[in-house]
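Data from input-v3.txt: compact mmCIF, C-alpha atoms
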```txt
# COMPACT_ATOMS: atom_id res chain seq x y z
CA MET A 1 110.21 113.59 138.07
CA LEU A 2 112.95 115.31 136.07
CA PRO A 3 114.19 113.72 132.81
CA THR A 4 117.67 113.18 134.26
CA ASP A 5 116.51 111.66 137.58
CA SER A 6 117.82 108.15 138.17
CA VAL A 7 115.36 105.26 137.91
CA ALA A 8 115.44 101.56 138.72
CA ARG A 9 113.14 98.54 138.60
CA ALA A 10 111.32 99.87 141.64
CA SER A 11 110.53 103.06 139.70
CA THR A 12 108.03 101.43 137.36
CA PRO A 13 104.96 102.77 139.23
CA LEU A 14 106.23 106.23 138.23
CA PHE A 15 106.15 105.18 134.57
CA ALA A 16 102.46 104.31 134.86
CA GLU A 17 101.79 107.49 136.81
CA TYR A 18 103.39 109.54 134.04
CA LEU A 19 100.86 108.09 131.60
CA ARG A 20 97.96 108.61 134.01
CA ARG A 21 98.87 112.28 134.15
CA GLY A 22 98.26 112.47 130.42
CA ALA A 23 94.51 112.28 131.13
CA LYS A 24 92.65 115.47 130.21
CA PRO A 25 89.13 116.78 130.84
CA ILE A 26 86.84 116.25 127.85
CA ALA A 27 86.73 119.98 127.22
CA GLU A 28 90.49 119.90 126.58
CA TRP A 29 90.50 116.97 124.14
CA ARG A 30 92.22 117.66 120.85
CA CYS A 31 92.99 115.90 117.56
CA GLY A 32 96.51 115.73 116.15
CA VAL A 33 97.70 114.65 112.71
CA GLU A 34 100.99 113.35 111.37
CA LEU A 35 101.37 113.17 107.61
CA GLU A 36 104.37 111.62 105.83
CA LEU A 37 105.21 112.29 102.18
CA PHE A 38 107.83 110.98 99.77
CA GLY A 39 110.02 113.63 98.14
CA TYR A 40 111.72 113.23 94.75
CA ASP A 41 113.91 115.26 92.44
CA ALA A 42 111.46 116.12 89.65
CA ARG A 43 114.17 115.82 86.97
CA THR A 44 115.28 112.28 87.81
CA LEU A 45 112.60 110.98 90.18
CA ALA A 46 115.37 109.97 92.57
CA ARG A 47 114.45 110.28 96.23
CA LEU A 48 115.63 113.53 97.76
CA ASP A 49 119.10 113.29 99.27
CA ALA A 50 120.09 114.75 102.64
CA ALA A 51 121.08 118.14 101.22
CA GLN A 52 117.79 118.44 99.34
CA VAL A 53 115.79 117.42 102.40
CA GLN A 54 117.49 120.17 104.37
CA ILE A 55 116.46 122.64 101.66
CA VAL A 56 112.86 121.60 102.40
CA LEU A 57 113.29 122.09 106.14
CA SER A 58 114.96 125.47 105.66
CA GLY A 59 112.07 126.51 103.44
CA PHE A 60 109.64 126.28 106.35
CA ALA A 61 111.75 128.33 108.74
CA GLU A 62 110.94 132.01 109.13
CA SER A 63 114.17 132.51 111.08
CA PRO A 64 117.24 130.44 112.04
CA ASP A 65 115.67 129.96 115.47
CA ASP A 66 112.99 127.80 113.83
CA LEU A 67 115.56 125.15 112.87
CA VAL A 68 116.84 122.24 114.97
CA PHE A 69 120.33 120.88 114.26
CA GLU A 70 122.35 117.78 115.03
CA GLY A 71 125.85 119.07 114.52
CA ALA A 72 125.70 120.79 111.14
CA THR A 73 122.66 118.82 109.93
CA ILE A 74 119.18 120.35 110.01
CA ILE A 75 116.76 117.71 111.34
CA GLU A 76 113.61 119.71 112.12
CA SER A 77 111.85 122.97 111.43
CA SER A 78 108.91 124.85 112.83
CA ALA A 79 105.96 125.24 110.47
CA GLY A 80 104.68 128.21 112.44
CA ARG A 81 101.44 127.79 114.33
CA ALA A 82 100.51 124.85 112.08
CA GLY A 83 103.04 122.50 113.69
CA ARG A 84 106.51 121.23 112.85
CA VAL A 85 108.30 119.38 110.07
CA THR A 86 110.64 116.46 110.76
CA ILE A 87 112.35 113.74 108.74
CA GLU A 88 111.92 109.97 108.60
CA PRO A 89 114.87 107.62 107.94
CA GLY A 90 114.57 107.65 104.15
CA GLY A 91 114.10 111.38 103.99
CA GLN A 92 110.29 111.21 104.07
CA ILE A 93 108.93 114.63 105.03
CA GLU A 94 106.72 114.43 108.12
CA PHE A 95 104.29 117.14 109.14
CA SER A 96 103.22 116.98 112.79
CA GLY A 97 100.24 119.27 113.18
CA ALA A 98 99.58 121.17 116.38
CA PRO A 99 96.72 119.48 118.30
CA GLN A 100 93.41 121.14 117.46
CA GLN A 101 89.91 121.09 118.88
CA THR A 102 88.11 121.04 115.52
CA LEU A 103 88.76 119.32 112.23
CA VAL A 104 88.46 122.65 110.45
CA GLU A 105 91.57 123.73 112.36
CA VAL A 106 93.30 120.42 111.53
CA GLU A 107 92.45 120.99 107.87
CA ARG A 108 93.76 124.55 107.98
CA GLY A 109 97.09 123.34 109.40
CA ILE A 110 97.52 120.64 106.76
CA LYS A 111 96.64 123.03 103.95
CA SER A 112 99.15 125.57 105.26
CA PHE A 113 101.84 122.88 105.27
CA ILE A 114 100.93 121.62 101.78
CA SER A 115 100.79 125.15 100.40
CA ARG A 116 104.30 125.99 101.60
CA LEU A 117 105.60 122.57 100.51
CA GLY A 118 104.20 123.25 97.05
CA GLU A 119 106.07 126.54 96.90
CA ILE A 120 109.30 124.82 97.92
CA ALA A 121 108.66 122.12 95.30
CA VAL A 122 108.37 124.72 92.53
CA GLU A 123 111.40 126.68 93.75
CA SER A 124 113.62 123.59 93.96
CA ASP A 125 112.17 121.34 91.25
CA PHE A 126 110.98 118.70 93.71
CA ILE A 127 107.76 116.69 93.79
CA PHE A 128 106.03 115.02 96.74
CA LEU A 129 103.81 111.95 96.61
CA ALA A 130 101.11 110.83 99.06
CA ALA A 131 101.22 107.02 99.16
CA GLY A 132 101.81 104.32 101.74
CA PHE A 133 104.93 102.94 100.05
CA ASP A 134 107.53 104.40 97.70
CA PRO A 135 106.13 103.34 94.31
CA LEU A 136 109.28 104.13 92.34
CA ARG A 137 112.65 103.51 93.95
CA THR A 138 114.15 100.19 95.08
CA ILE A 139 115.61 99.62 98.53
CA ASP A 140 119.12 100.01 97.08
CA GLU A 141 118.20 103.42 95.67
CA GLN A 142 117.09 104.94 98.97
CA GLN A 143 118.73 108.04 100.42
CA TRP A 144 119.25 107.43 104.14
CA PHE A 145 118.98 110.61 106.16
CA PRO A 146 121.99 111.15 108.50
CA LYS A 147 120.12 111.50 111.77
CA MET A 148 121.95 110.00 114.75
CA ARG A 149 118.89 108.11 116.00
CA TYR A 150 118.55 106.31 112.67
CA ALA A 151 122.23 105.40 112.53
CA VAL A 152 121.74 103.35 115.71
CA MET A 153 118.36 101.90 114.72
CA ARG A 154 119.34 100.83 111.22
CA PRO A 155 121.82 98.00 111.97
CA TYR A 156 119.77 96.57 114.82
CA LEU A 157 116.45 96.55 112.98
CA ALA A 158 118.15 94.87 110.02
CA THR A 159 118.45 91.81 112.28
CA ARG A 160 114.81 92.03 113.33
CA GLY A 161 112.93 91.45 110.11
CA ALA A 162 113.53 91.04 106.39
CA ARG A 163 111.67 94.26 105.56
CA ALA A 164 112.73 96.47 108.45
CA TRP A 165 114.68 98.77 106.15
CA ASP A 166 111.67 98.99 103.85
CA MET A 167 109.64 100.08 106.87
CA MET A 168 112.19 102.74 107.74
CA CYS A 169 112.70 104.40 104.39
CA ARG A 170 109.97 103.23 101.99
CA THR A 171 106.77 103.58 104.04
CA ALA A 172 104.62 106.61 104.79
CA ALA A 173 101.52 106.87 106.94
CA ILE A 174 98.82 109.15 108.27
CA GLN A 175 98.65 109.08 112.05
CA VAL A 176 96.01 110.39 114.42
CA SER A 177 96.65 111.45 118.03
CA LEU A 178 93.77 111.55 120.51
CA ASP A 179 93.31 112.20 124.23
CA TYR A 180 91.75 110.26 127.12
CA ASN A 181 90.23 111.36 130.40
CA SER A 182 90.82 108.36 132.67
CA GLU A 183 92.53 105.00 132.78
CA GLU A 184 89.20 103.31 132.02
CA ASP A 185 88.67 105.55 128.99
CA LEU A 186 92.25 104.88 127.87
CA ALA A 187 91.75 101.11 128.19
CA LYS A 188 88.81 101.20 125.78
CA LYS A 189 90.53 103.48 123.27
CA PHE A 190 93.81 101.59 123.33
CA ALA A 191 92.04 98.28 122.77
CA LEU A 192 89.93 99.70 119.95
CA GLY A 193 92.90 101.35 118.24
CA ASN A 194 94.76 98.05 118.12
CA ARG A 195 91.83 95.76 117.31
CA LEU A 196 90.51 97.92 114.48
CA ALA A 197 93.96 98.52 112.99
CA PRO A 198 93.62 95.90 110.19
CA ILE A 199 90.19 97.26 109.26
CA ILE A 200 91.53 100.81 109.07
CA THR A 201 94.49 99.57 107.00
CA ALA A 202 92.05 98.02 104.53
CA MET A 203 89.92 101.16 104.27
CA PHE A 204 92.93 103.40 103.59
CA ALA A 205 95.16 100.97 101.63
CA ASN A 206 96.97 103.14 99.09
CA SER A 207 100.20 101.40 98.10
CA PRO A 208 99.85 98.72 95.41
CA PHE A 209 103.17 99.61 93.74
CA ALA A 210 106.85 99.06 94.52
CA ASP A 211 110.01 99.27 92.41
CA GLY A 212 108.02 100.88 89.60
CA LYS A 213 105.56 98.00 89.18
CA LEU A 214 102.70 96.19 90.88
CA SER A 215 103.70 94.77 94.25
CA GLY A 216 101.00 92.13 94.69
CA TYR A 217 99.61 93.99 97.70
CA LYS A 218 97.02 96.70 98.18
CA SER A 219 98.99 98.00 101.15
CA THR A 220 102.68 97.31 100.58
CA ARG A 221 103.30 99.45 103.67
CA ALA A 222 101.33 96.98 105.79
CA ALA A 223 103.22 94.08 104.19
CA ALA A 224 106.55 95.65 105.16
CA TRP A 225 105.41 96.00 108.77
CA LEU A 226 104.57 92.29 108.86
CA GLU A 227 108.29 91.56 108.53
CA THR A 228 109.55 94.19 110.97
CA ASP A 229 110.59 93.47 114.57
CA ALA A 230 107.74 91.49 116.11
CA ASP A 231 108.99 92.55 119.55
CA ARG A 232 107.69 96.08 119.04
CA ALA A 233 105.25 96.07 116.10
CA GLY A 234 101.75 94.82 115.38
CA LEU A 235 99.07 94.24 117.98
CA ALA A 236 99.97 95.55 121.45
CA PRO A 237 99.95 92.62 123.91
CA SER A 238 97.90 94.52 126.49
CA ALA A 239 95.14 95.15 123.93
CA ILE A 240 94.38 91.45 123.48
CA THR A 241 92.59 90.94 126.79
CA ASN A 242 89.91 93.00 128.48
CA ASN A 243 92.14 93.50 131.51
CA PHE A 244 94.17 96.49 130.33
CA SER A 245 95.82 98.63 132.97
CA LEU A 246 98.69 101.05 132.81
CA ASP A 247 100.63 98.80 135.14
CA SER A 248 100.24 95.88 132.72
CA PHE A 249 101.14 98.13 129.79
CA VAL A 250 104.36 99.14 131.57
CA GLU A 251 105.20 95.51 132.33
CA ASP A 252 104.80 94.62 128.66
CA ALA A 253 106.97 97.57 127.63
CA LEU A 254 109.73 96.44 130.01
CA GLN A 255 110.08 93.22 127.99
CA VAL A 256 110.74 95.07 124.72
CA PRO A 257 114.44 95.40 123.77
CA MET A 258 115.87 98.89 123.68
CA LEU A 259 117.07 100.63 120.55
CA PHE A 260 119.34 103.27 122.13
CA VAL A 261 119.96 105.69 124.96
CA ARG A 262 120.78 109.37 124.64
CA ARG A 263 123.57 110.98 126.62
CA ASP A 264 125.02 114.46 126.07
CA GLY A 265 123.35 114.78 122.69
CA HIS A 266 124.63 111.42 121.42
CA TYR A 267 122.74 108.21 120.67
CA LEU A 268 124.50 105.20 122.19
CA ASP A 269 124.03 101.60 121.10
CA ALA A 270 125.56 99.92 124.17
CA PRO A 271 122.15 98.76 125.51
CA THR A 272 120.66 98.07 122.07
CA GLY A 273 118.81 94.75 122.22
CA MET A 274 118.66 94.71 126.03
CA PRO A 275 115.14 94.44 127.46
CA PHE A 276 114.26 97.71 129.13
CA GLY A 277 113.46 95.95 132.41
CA LYS A 278 116.93 94.38 132.50
CA PHE A 279 118.47 97.79 131.81
CA LEU A 280 116.57 99.16 134.82
CA GLU A 281 117.89 96.34 137.00
CA GLU A 282 121.50 96.27 135.87
CA GLY A 283 122.28 99.36 133.84
CA CYS A 284 124.72 98.90 130.98
CA GLY A 285 128.34 99.40 131.90
CA TYR A 286 128.79 103.00 132.92
CA ILE A 287 125.32 103.93 131.61
CA ARG A 288 122.79 104.22 134.42
CA PRO A 289 119.05 104.51 133.69
CA VAL A 290 117.30 107.89 133.92
CA PHE A 291 113.65 108.81 133.48
CA ASP A 292 114.25 110.20 129.98
CA ASP A 293 115.21 106.68 128.88
CA TRP A 294 111.62 105.60 129.57
CA LEU A 295 110.25 108.46 127.47
CA ASP A 296 112.59 107.53 124.61
CA HIS A 297 111.63 103.87 124.94
CA LEU A 298 107.97 104.74 124.44
CA THR A 299 108.85 106.30 121.08
CA THR A 300 110.37 103.01 119.92
CA LEU A 301 107.23 100.92 120.50
CA PHE A 302 105.71 100.64 117.03
CA THR A 303 102.40 98.94 117.78
CA ASP A 304 99.34 99.77 115.68
CA ALA A 305 98.09 101.99 118.47
CA ARG A 306 100.73 103.25 120.84
CA LEU A 307 100.72 105.23 124.02
CA ARG A 308 102.51 108.28 125.29
CA GLN A 309 100.48 110.92 127.13
CA HIS A 310 98.03 110.51 124.28
CA ILE A 311 97.08 107.65 121.96
CA GLU A 312 98.66 107.43 118.51
CA LEU A 313 96.73 105.52 115.83
CA ARG A 314 99.20 104.36 113.21
CA SER A 315 97.56 101.91 110.79
CA ALA A 316 96.66 103.95 107.69
CA ASP A 317 98.61 104.43 104.47
CA CYS A 318 99.34 108.01 103.55
CA GLY A 319 96.84 109.44 101.10
CA ALA A 320 95.38 112.61 99.67
CA LEU A 321 93.98 115.41 101.82
CA PRO A 322 90.35 114.13 101.79
CA SER A 323 91.54 110.73 103.06
CA THR A 324 93.72 112.35 105.71
CA LEU A 325 90.79 114.36 107.04
CA ALA A 326 88.42 111.39 106.77
CA LEU A 327 90.76 109.38 108.98
CA GLN A 328 90.70 112.16 111.59
CA ALA A 329 86.91 112.26 111.46
CA LEU A 330 86.58 108.48 111.64
CA TRP A 331 88.70 108.08 114.77
CA LYS A 332 87.21 111.17 116.41
CA GLY A 333 83.69 109.87 115.84
CA LEU A 334 84.61 106.45 117.21
CA MET A 335 86.60 107.57 120.23
CA TYR A 336 85.24 110.90 121.42
CA ASP A 337 81.64 109.72 121.81
CA ASP A 338 81.02 107.16 124.58
CA ALA A 339 78.21 105.33 122.81
CA ALA A 340 80.22 105.03 119.60
CA LEU A 341 83.27 103.81 121.51
CA ASP A 342 81.28 101.04 123.18
CA ALA A 343 79.52 100.08 119.95
CA ALA A 344 82.81 99.93 118.02
CA LEU A 345 84.43 97.78 120.72
CA ALA A 346 81.52 95.36 120.48
CA ILE A 347 82.27 94.62 116.80
CA ALA A 348 86.06 95.07 116.70
CA PRO A 349 87.85 91.77 116.03
CA VAL A 350 89.13 90.08 119.19
CA ILE A 351 91.95 87.76 118.17
CA ASN A 352 95.37 86.76 119.46
CA ARG A 353 98.66 87.97 118.00
CA GLU A 354 98.90 85.04 115.60
CA GLY A 355 95.38 85.58 114.31
CA ALA A 356 96.00 89.31 114.05
CA ALA A 357 99.12 88.66 111.96
CA ARG A 358 97.15 86.44 109.57
CA LEU A 359 94.38 89.02 109.30
CA ARG A 360 96.95 91.75 108.61
CA GLU A 361 98.53 89.62 105.87
CA GLU A 362 95.12 89.17 104.22
CA VAL A 363 94.42 92.90 104.51
CA ALA A 364 97.82 93.83 103.07
CA ARG A 365 97.11 91.69 100.01
CA HIS A 366 93.40 92.15 99.51
CA GLY A 367 92.34 95.36 101.25
CA LEU A 368 88.59 95.51 101.87
CA SER A 369 88.12 92.13 100.18
CA ALA A 370 90.10 90.41 102.94
CA ARG A 371 88.56 87.70 105.09
CA HIS A 372 89.95 85.73 108.00
CA GLU A 373 87.96 83.02 109.73
CA SER A 374 84.63 84.70 110.59
CA ILE A 375 85.90 88.24 109.94
CA ASN A 376 84.61 89.89 106.77
CA VAL A 377 86.68 93.08 106.59
CA LEU A 378 84.31 94.97 104.30
CA ASP A 379 81.31 94.28 106.54
CA VAL A 380 83.18 95.44 109.65
CA ALA A 381 84.43 98.54 107.81
CA LYS A 382 80.88 99.51 106.84
CA GLU A 383 79.65 99.05 110.40
CA ILE A 384 82.38 101.10 112.02
CA LEU A 385 81.93 103.86 109.47
CA MET A 386 78.25 104.10 110.36
CA ILE A 387 79.09 104.06 114.08
CA ALA A 388 81.68 106.82 113.59
CA ALA A 389 79.21 108.95 111.64
CA ALA A 390 76.64 108.58 114.40
CA GLY A 391 79.20 109.46 117.04
CA LEU A 392 80.43 112.48 115.14
CA ARG A 393 76.85 113.61 114.56
CA ARG A 394 76.35 113.71 118.32
CA ILE A 395 79.56 115.55 119.27
CA ALA A 396 80.43 117.62 116.16
CA PRO A 397 77.66 117.44 113.55
CA ASP A 398 79.29 119.99 111.28
CA GLU A 399 82.26 117.60 110.86
CA VAL A 400 80.25 114.64 109.50
CA PRO A 401 80.87 115.71 105.85
CA TYR A 402 84.55 114.85 106.32
CA LEU A 403 83.39 111.21 106.18
CA ASP A 404 81.76 111.62 102.75
CA VAL A 405 84.77 110.28 100.85
CA LEU A 406 84.74 107.12 102.98
CA ARG A 407 80.98 106.73 102.65
CA GLN A 408 81.34 106.81 98.87
CA GLN A 409 84.31 104.47 98.71
CA VAL A 410 83.47 101.94 101.42
CA ILE A 411 79.67 101.83 101.51
CA GLU A 412 78.69 102.78 97.96
CA ASP A 413 81.60 101.56 95.82
CA GLU A 414 83.15 98.99 98.22
CA VAL A 415 86.68 100.02 97.29
CA CYS A 416 89.82 101.37 98.97
CA PRO A 417 92.21 103.89 97.34
CA ALA A 418 94.40 101.04 96.03
CA ASP A 419 91.43 99.62 94.11
CA ILE A 420 91.01 102.97 92.37
CA LEU A 421 94.70 103.06 91.50
CA LEU A 422 94.60 99.51 90.15
CA ARG A 423 91.46 100.15 88.11
CA ASN A 424 93.13 103.14 86.45
CA TRP A 425 96.44 101.30 86.04
CA HIS A 426 94.80 98.47 84.11
CA GLY A 427 92.46 100.88 82.33
CA GLY A 428 93.03 104.35 80.95
CA TRP A 429 96.56 104.71 82.34
CA HIS A 430 97.77 101.71 80.29
CA THR A 431 100.22 100.65 83.06
CA SER A 432 101.98 104.03 83.01
CA MET A 433 103.94 104.90 86.17
CA SER A 434 104.00 108.53 85.09
CA LYS A 435 100.21 108.53 85.45
CA VAL A 436 100.59 107.02 88.93
CA VAL A 437 103.01 109.77 89.91
CA GLU A 438 100.68 112.45 88.56
CA TYR A 439 97.72 111.00 90.47
CA LEU A 440 99.60 110.63 93.80
CA ARG A 441 101.26 114.03 93.64
CA ALA A 442 100.55 116.13 96.73
CA ALA A 443 102.92 119.04 96.00
```

As a first step, turn the structure in this file into structure tokens.
Amino acid sequence: MLPTDSVARASTPLFAEYLRRGAKPIAEWRCGVELELFGYDARTLARLDAAQVQIVLSGFAESPDDLVFEGATIIESSAGRAGRVTIEPGGQIEFSGAPQQTLVEVERGIKSFISRLGEIAVESDFIFLAAGFDPLRTIDEQQWFPKMRYAVMRPYLATRGARAWDMMCRTAAIQVSLDYNSEEDLAKKFALGNRLAPIITAMFANSPFADGKLSGYKSTRAAAWLETDADRAGLAPSAITNNFSLDSFVEDALQVPMLFVRRDGHYLDAPTGMPFGKFLEEGCGYIRPVFDDWLDHLTTLFTDARLRQHIELRSADCGALPSTLALQALWKGLMYDDAALDAALAIAPVINREGAARLREEVARHGLSARHESINVLDVAKEILMIAAAGLRRIAPDEVPYLDVLRQQVIEDEVCPADILLRNWHGGWHTSMSKVVEYLRAA
């Protein structure tokens, strides 16, 4: 089906078929990474404004053909064979690495990106921090990036949660993209990605600061997501039961309100807030549904694991390079080995949306120390780490060392990155934010 082909309520089997066609033979499975960083003017520690962000994008382009524009605004750049660089609503710099077969190749792509970003930082007097939440600047001090998509999303999401704007411009994550080879394989991976999300958040919690002081959370990023549009965030409804199918996933997605449609290069808010299924049935004034609207709608579902023609795992705070690579290794070990996948599913928490929200609140505040009912987060984290290591040992034994940083932190020291930050903050750093900035600096 072509992107501009008309669709209606009767077209929904095609939506599921589109996702089925994302299945790939095991030999073609890849790992993808997305890494988001906060940029600041080194002289003032203000967040980079739109003009400065475009300097960053231009710095990655080897030719004008590498740049993508909306009108006169640069919104994206190629990063060569390593991937591409895009912008989040608050000007966060996002690196989307090209999918790779090995973690060595993933590492090479990230290092290439960081190396060039470091050069741009020196040339322009910028700095970039790897954290889950902007530790320095208040919500009123944010620099909103003038991308048309965000101009439509911003007013609507403001009505859908007290911290939706925090989510948009003050959070940063590491994301992992993985493949599947069948609907049955997808069902297991999608369930695991959602059910383990709070455990992964705890293991990678790296944002105990906001507004230049302690926030009261170990993952302030996770706390912001708790108050952001429950229609499209958190635990995916179809991951709660053991009866996942692509047809049920599509039916759930049809209930989620739309954020926009694109027509002739413009983002339109006429159907904003309309459930996608209703839009299929009725249209919206002169706007008639096309297949591309479904593809756009998928990008606006912000569940902890989300689905396109691959699975995106979205529950970890941004962190340093070793943490970024450890996250890749963890999910690869859990999901690309059948025995590990089944073993992880057997211990992953199975709770409803309300229970998941309470667990996520505990994790946001307490990290690995969190407990909810019978769930001891640290114990589950240790178990899944051992399962992932065993899985990785079977499919890619040379990649097991990427898990060493997690083995030290979770199993030996029983801490997450936020615990290390807090220990230093109360210790040798003497509550100095300049020490925090120095420690979190990625470029």

Practice prompt. Find the residues near stretch 295-302 of chain A: any atom within 7 Å, counting only C-alpha atoms, skip ones fewer than 4 places away on the same chain, and give them as a list in words.
Written response: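 Counting only C-alpha atoms, the residues come to Arg232, Ala233, Met258, Phe291, Arg306 and Arg308 of chain A.
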
Hey, which bits of stretch 162-182 of chain A sit within 12 Å of stretch 336-339 of chain A, and for each residue what's the closest pair of atoms and how far apart in Å (one decimal), counting all atoms listed in the file, rows by chain and increasing number, as CSV?
```
residue,atom,partner,partner_atom,distance
A:Ser177,CA,A:Tyr336,CA,11.9
A:Leu178,CA,A:Tyr336,CA,8.6
A:Asp179,CA,A:Tyr336,CA,8.6
A:Tyr180,CA,A:Tyr336,CA,8.7
A:Asn181,CA,A:Tyr336,CA,10.3
```

Around stretch 397-416 of chain A, with edges along x, y and z and 4 Å added on all six sides, what centre and edge lengths do you get, in Å to one decimal, as lines of an AutoDock Vina configuration file?
```
center_x = 83.7
center_y = 109.5
center_z = 104.7
size_x = 20.2
size_y = 29.0
size_z = 25.7
```

Item to complete: Tell me, as a ChimeraX atom specification, which residues lie within 10 Å of A:Ile174, counting only C-alpha atoms; anything in the same chain fewer than 2 positions away does not count.
Response: /A:33-37,94-95,130-132,172,176,204,313-320,323-325,327-328

Worksheet entry | Using all atoms listed in the file: which of A:Ala388, A:Met335, A:Ile375, A:Cys31 has the shortest distance to A:Pro99 |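 Under the stated criterion, the closest residue is A:Cys31.
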
Env of A:Ile127: 10 Å cut, atoms = only C-alpha atoms, seq-sep filter 6 positions within chain, self excluded. Answer as a CSV table (one decimal) with C-alpha atoms, in the frame of the given file.
```
chain,number,residue,atom,x,y,z
A,37,LEU,CA,105.2,112.3,102.2
A,38,PHE,CA,107.8,111.0,99.8
A,39,GLY,CA,110.0,113.6,98.1
A,40,TYR,CA,111.7,113.2,94.8
A,41,ASP,CA,113.9,115.3,92.4
A,42,ALA,CA,111.5,116.1,89.6
A,43,ARG,CA,114.2,115.8,87.0
A,45,LEU,CA,112.6,111.0,90.2
A,47,ARG,CA,114.4,110.3,96.2
A,48,LEU,CA,115.6,113.5,97.8
A,117,LEU,CA,105.6,122.6,100.5
A,118,GLY,CA,104.2,123.2,97.0
A,120,ILE,CA,109.3,124.8,97.9
A,121,ALA,CA,108.7,122.1,95.3
A,437,VAL,CA,103.0,109.8,89.9
A,438,GLU,CA,100.7,112.4,88.6
A,441,ARG,CA,101.3,114.0,93.6
A,442,ALA,CA,100.6,116.1,96.7
A,443,ALA,CA,102.9,119.0,96.0
```

Step by step: start from the point (118.6, 119.3, 114.0) in the file's coordinates, keep every protein, DNA or RNA residue that has an atom no farther than 12 Å from it, count only C-alpha atoms, and write the set as a tab-separated table (two decimals) with C-alpha atoms, in the frame of the given file.
```tsv
chain	number	residue	atom	x	y	z
A	54	GLN	CA	117.49	120.17	104.37
A	57	LEU	CA	113.29	122.09	106.14
A	58	SER	CA	114.96	125.47	105.66
A	64	PRO	CA	117.24	130.44	112.04
A	65	ASP	CA	115.67	129.96	115.47
A	66	ASP	CA	112.99	127.80	113.83
A	67	LEU	CA	115.56	125.15	112.87
A	68	VAL	CA	116.84	122.24	114.97
A	69	PHE	CA	120.33	120.88	114.26
A	70	GLU	CA	122.35	117.78	115.03
A	71	GLY	CA	125.85	119.07	114.52
A	72	ALA	CA	125.70	120.79	111.14
A	73	THR	CA	122.66	118.82	109.93
A	74	ILE	CA	119.18	120.35	110.01
A	75	ILE	CA	116.76	117.71	111.34
A	76	GLU	CA	113.61	119.71	112.12
A	77	SER	CA	111.85	122.97	111.43
A	78	SER	CA	108.91	124.85	112.83
A	85	VAL	CA	108.30	119.38	110.07
A	86	THR	CA	110.64	116.46	110.76
A	87	ILE	CA	112.35	113.74	108.74
A	145	PHE	CA	118.98	110.61	106.16
A	146	PRO	CA	121.99	111.15	108.50
A	147	LYS	CA	120.12	111.50	111.77
A	148	MET	CA	121.95	110.00	114.75
A	149	ARG	CA	118.89	108.11	116.00
A	265	GLY	CA	123.35	114.78	122.69
```

Worksheet item: Taking into account all atoms listed in the file, which residue in the set A:His266, A:His366, A:Arg353, A:Arg137 is nearest to A:Met203?
Response: A:His366

Practice prompt. Just give me the gap between atom CA of A:Gly216 and atom CA of A:Ala239 in Å, one decimal is fine.
Written response: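 Separation between atom CA of A:Gly216 and atom CA of A:Ala239: 30.0 Å.
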
Write a file for stretch 79-89 of chain A, containing N, CA and C atoms (output as a compact mmCIF listing (two decimals), in the first residue's frame).
```
# COMPACT_ATOMS: atom_id res chain seq x y z
N ALA A 79 24.70 11.64 9.75
CA ALA A 79 25.97 11.48 10.45
C ALA A 79 26.82 10.46 9.70
N GLY A 80 26.71 10.47 8.40
CA GLY A 80 27.44 9.53 7.57
C GLY A 80 26.91 8.12 7.74
N ARG A 81 27.79 7.14 7.63
CA ARG A 81 27.36 5.75 7.77
C ARG A 81 26.94 5.41 9.19
N ALA A 82 27.29 6.26 10.17
CA ALA A 82 26.96 5.98 11.57
C ALA A 82 25.47 6.11 11.84
N GLY A 83 24.76 6.97 11.12
CA GLY A 83 23.34 7.15 11.37
C GLY A 83 22.90 8.57 11.03
N ARG A 84 22.03 9.13 11.85
CA ARG A 84 21.53 10.48 11.61
C ARG A 84 21.35 11.20 12.93
N VAL A 85 21.26 12.52 12.85
CA VAL A 85 21.11 13.35 14.04
C VAL A 85 19.82 14.16 13.89
N THR A 86 18.97 14.08 14.88
CA THR A 86 17.70 14.81 14.87
C THR A 86 17.57 15.59 16.18
N ILE A 87 16.44 16.26 16.34
CA ILE A 87 16.26 17.18 17.47
C ILE A 87 14.96 16.86 18.20
N GLU A 88 15.02 16.82 19.51
CA GLU A 88 13.85 16.67 20.36
C GLU A 88 13.26 18.06 20.67
N PRO A 89 12.07 18.11 21.29
CA PRO A 89 11.37 19.40 21.43
C PRO A 89 12.15 20.49 22.16
```
